[in-house]
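Visitor: Handing over target_6.cif, mmCIF, C-alpha atoms.
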data_model
loop_
_atom_site.group_PDB
_atom_site.id
_atom_site.type_symbol
_atom_site.label_atom_id
_atom_site.label_comp_id
_atom_site.auth_asym_id
_atom_site.auth_seq_id
_atom_site.Cartn_x
_atom_site.Cartn_y
_atom_site.Cartn_z
ATOM 1 C CA MET P 1 -3.769 -21.836 11.716
ATOM 2 C CA LYS P 2 -4.754 -18.199 11.607
ATOM 3 C CA GLN P 3 -3.940 -16.025 8.635
ATOM 4 C CA THR P 4 -2.276 -12.681 9.263
ATOM 5 C CA SER P 5 -2.253 -9.894 6.747
ATOM 6 C CA THR P 6 0.875 -8.287 5.371
ATOM 7 C CA ALA P 7 0.274 -5.188 7.497
ATOM 8 C CA GLN P 8 0.141 -7.356 10.626
ATOM 9 C CA LYS P 9 3.415 -9.037 9.725
ATOM 10 C CA ILE P 10 5.060 -5.652 9.162
ATOM 11 C CA SER P 11 3.664 -4.418 12.493
ATOM 12 C CA PHE P 12 5.171 -7.382 14.299
ATOM 13 C CA ILE P 13 8.578 -6.857 12.664
ATOM 14 C CA ILE P 14 8.555 -3.171 13.627
ATOM 15 C CA ALA P 15 7.614 -4.224 17.184
ATOM 16 C CA ILE P 16 10.713 -6.422 17.343
ATOM 17 C CA PHE P 17 12.875 -3.510 16.149
ATOM 18 C CA SER P 18 11.228 -1.295 18.751
ATOM 19 C CA TYR P 19 12.109 -3.756 21.522
ATOM 20 C CA LEU P 20 15.687 -3.840 20.254
ATOM 21 C CA ALA P 21 15.806 -0.035 20.227
ATOM 22 C CA ALA P 22 14.606 -0.026 23.848
ATOM 23 C CA ILE P 23 17.415 -2.412 24.761
ATOM 24 C CA GLY P 24 19.874 -0.102 22.987
ATOM 25 C CA CYS P 25 18.537 2.833 25.001
ATOM 26 C CA VAL P 26 19.019 0.875 28.230
ATOM 27 C CA VAL P 27 22.660 0.374 27.237
ATOM 28 C CA GLY P 28 22.881 4.094 26.470
ATOM 29 C CA VAL P 29 21.481 4.984 29.885
ATOM 30 C CA TYR P 30 24.052 2.855 31.690
ATOM 31 C CA TYR P 31 26.912 4.159 29.553
ATOM 32 C CA TYR P 32 26.065 7.854 29.792
ATOM 33 C CA GLU P 33 25.045 7.645 33.437
ATOM 34 C CA SER P 34 28.542 6.544 34.353
ATOM 35 C CA LYS P 35 30.110 9.264 32.162
ATOM 36 C CA LEU P 36 27.763 12.220 32.732
ATOM 37 C CA GLY P 37 25.842 11.443 35.910
ATOM 38 C CA GLY P 38 22.215 10.542 36.493
ATOM 39 C CA ASP P 39 20.907 14.121 36.342
ATOM 40 C CA HIS P 40 22.133 14.899 32.826
ATOM 41 C CA PRO P 41 19.500 15.589 30.122
ATOM 42 C CA VAL P 42 21.004 12.953 27.808
ATOM 43 C CA VAL P 43 20.365 10.255 30.404
ATOM 44 C CA ALA P 44 16.809 11.518 30.920
ATOM 45 C CA SER P 45 16.095 11.489 27.192
ATOM 46 C CA PHE P 46 17.399 7.935 26.867
ATOM 47 C CA GLY P 47 15.129 6.989 29.771
ATOM 48 C CA SER P 48 12.086 8.499 28.099
ATOM 49 C CA ALA P 49 13.034 6.789 24.829
ATOM 50 C CA ILE P 50 12.967 3.452 26.672
ATOM 51 C CA VAL P 51 9.366 4.078 27.732
ATOM 52 C CA PHE P 52 8.429 5.193 24.212
ATOM 53 C CA PHE P 53 9.966 2.200 22.419
ATOM 54 C CA ILE P 54 8.487 -0.304 24.857
ATOM 55 C CA GLY P 55 5.045 1.283 24.439
ATOM 56 C CA VAL P 56 5.299 1.225 20.647
ATOM 57 C CA GLY P 57 6.529 -2.359 20.774
ATOM 58 C CA ILE P 58 3.621 -3.526 22.917
ATOM 59 C CA VAL P 59 0.992 -1.849 20.742
ATOM 60 C CA LEU P 60 2.464 -3.123 17.469
ATOM 61 C CA HIS P 61 3.036 -6.589 18.962
ATOM 62 C CA VAL P 62 -0.651 -6.841 19.849
ATOM 63 C CA ILE P 63 -1.712 -5.550 16.430
ATOM 64 C CA GLY P 64 0.612 -8.032 14.739
ATOM 65 C CA ARG P 65 -0.615 -11.062 16.668
ATOM 66 C CA VAL P 66 -4.336 -10.467 17.165
ATOM 67 C CA ASN P 67 -6.833 -12.450 15.111
ATOM 68 C CA LEU P 68 -8.545 -9.686 13.142
ATOM 69 C CA PRO P 69 -11.746 -10.434 11.237
ATOM 70 C CA ASP P 70 -12.160 -9.546 7.604
ATOM 71 C CA LEU P 71 -13.471 -5.992 7.850
ATOM 72 C CA SER P 72 -13.917 -5.363 4.134
ATOM 73 C CA MET P 73 -17.337 -4.214 2.977
ATOM 74 C CA LYS P 74 -18.920 -6.809 0.707
ATOM 75 C CA PHE P 75 -22.292 -6.015 -0.823
ATOM 76 C CA SER P 76 -24.512 -8.209 -2.871
ATOM 77 C CA LYS P 77 -26.058 -6.911 -6.089
ATOM 78 C CA GLU P 78 -29.416 -6.621 -4.306
ATOM 79 C CA GLN P 79 -28.018 -4.339 -1.569
ATOM 80 C CA GLN P 80 -26.334 -2.046 -4.082
ATOM 81 C CA ASP P 81 -29.599 -1.423 -5.961
ATOM 82 C CA LYS P 82 -31.487 -0.249 -2.853
ATOM 83 C CA THR P 83 -32.005 3.470 -2.425
ATOM 84 C CA ASP P 84 -32.957 5.381 0.701
ATOM 85 C CA ASP P 85 -36.647 6.327 0.776
#
Would you mind writing the structure in this file as structure tokens?

Guide:
Amino acid sequence: MKQTSTAQKISFIIAIFSYLAAIGCVVGVYYYESKLGGDHPVVASFGSAIVFFIGVGIVLHVIGRVNLPDLSMKFSKEQQDKTDD
């Protein structure tokens, strides 16, 4: 089983919230479209928010689920003592 870091777990949770926000914006589009019409700026801004939240969700979902290597810099005592000539 792969180990995920705390930051990856937080990224995945935020991705889920982002997907839920996109669903909420879809509901907002349908509600305000029937009240205000399809050409109203409120409907357009909800539509652009859908694209934004889905994009954020996809990026954070990938970050949260990818198998990242350990990228920390580990030096041995011998490497630390070397100087550039």

Visitor: Around range 56-63 of chain P, with edges along x, y and z and 8 Å added on all six sides, what centre and edge lengths do you get, in Å to one decimal, as JSON?

Guide:
{"center_x": 2.4, "center_y": -2.8, "center_z": 19.7, "size_x": 24.2, "size_y": 24.1, "size_z": 22.5}

Visitor: Please evaluate the PyMOL selection byres ((chain P and resi 52-68) around 9) against the structure above and give the resulting residues as a list in words.

Guide: Lys2, Gln3, Thr4, Ser5, Ala7, Gln8, Lys9, Ile10, Ser11, Phe12, Ile13, Ile14, Ala15, Ile16, Phe17, Ser18, Tyr19, Leu20, Ala21, Ala22, Cys25, Gly47, Ser48, Ala49, Ile50, Val51, Pro69, Asp70 and Leu71 of chain P

Visitor: Mind pulling up the distance from CA of Ser45 in chain P to CA of Gly24 in chain P?

Guide: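 The value is 12.9 Å.
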
Visitor: Got a sec: who's within 12 Å of Tyr30 in chain P, counting all atoms listed in the file, leaving out chain neighbours fewer than 5 positions off, as a ChimeraX atom specification?

Guide: /P:23-25,35-38,42-44,46-47

Visitor: For the residues in that selection, give me C-alpha atoms as an mmCIF file, keeping the file's coordinate frame.

Guide:
data_model
loop_
_atom_site.group_PDB
_atom_site.id
_atom_site.type_symbol
_atom_site.label_atom_id
_atom_site.label_comp_id
_atom_site.auth_asym_id
_atom_site.auth_seq_id
_atom_site.Cartn_x
_atom_site.Cartn_y
_atom_site.Cartn_z
ATOM 1 C CA ILE P 23 17.415 -2.412 24.761
ATOM 2 C CA GLY P 24 19.874 -0.102 22.987
ATOM 3 C CA CYS P 25 18.537 2.833 25.001
ATOM 4 C CA LYS P 35 30.110 9.264 32.162
ATOM 5 C CA LEU P 36 27.763 12.220 32.732
ATOM 6 C CA GLY P 37 25.842 11.443 35.910
ATOM 7 C CA GLY P 38 22.215 10.542 36.493
ATOM 8 C CA VAL P 42 21.004 12.953 27.808
ATOM 9 C CA VAL P 43 20.365 10.255 30.404
ATOM 10 C CA ALA P 44 16.809 11.518 30.920
ATOM 11 C CA PHE P 46 17.399 7.935 26.867
ATOM 12 C CA GLY P 47 15.129 6.989 29.771
#
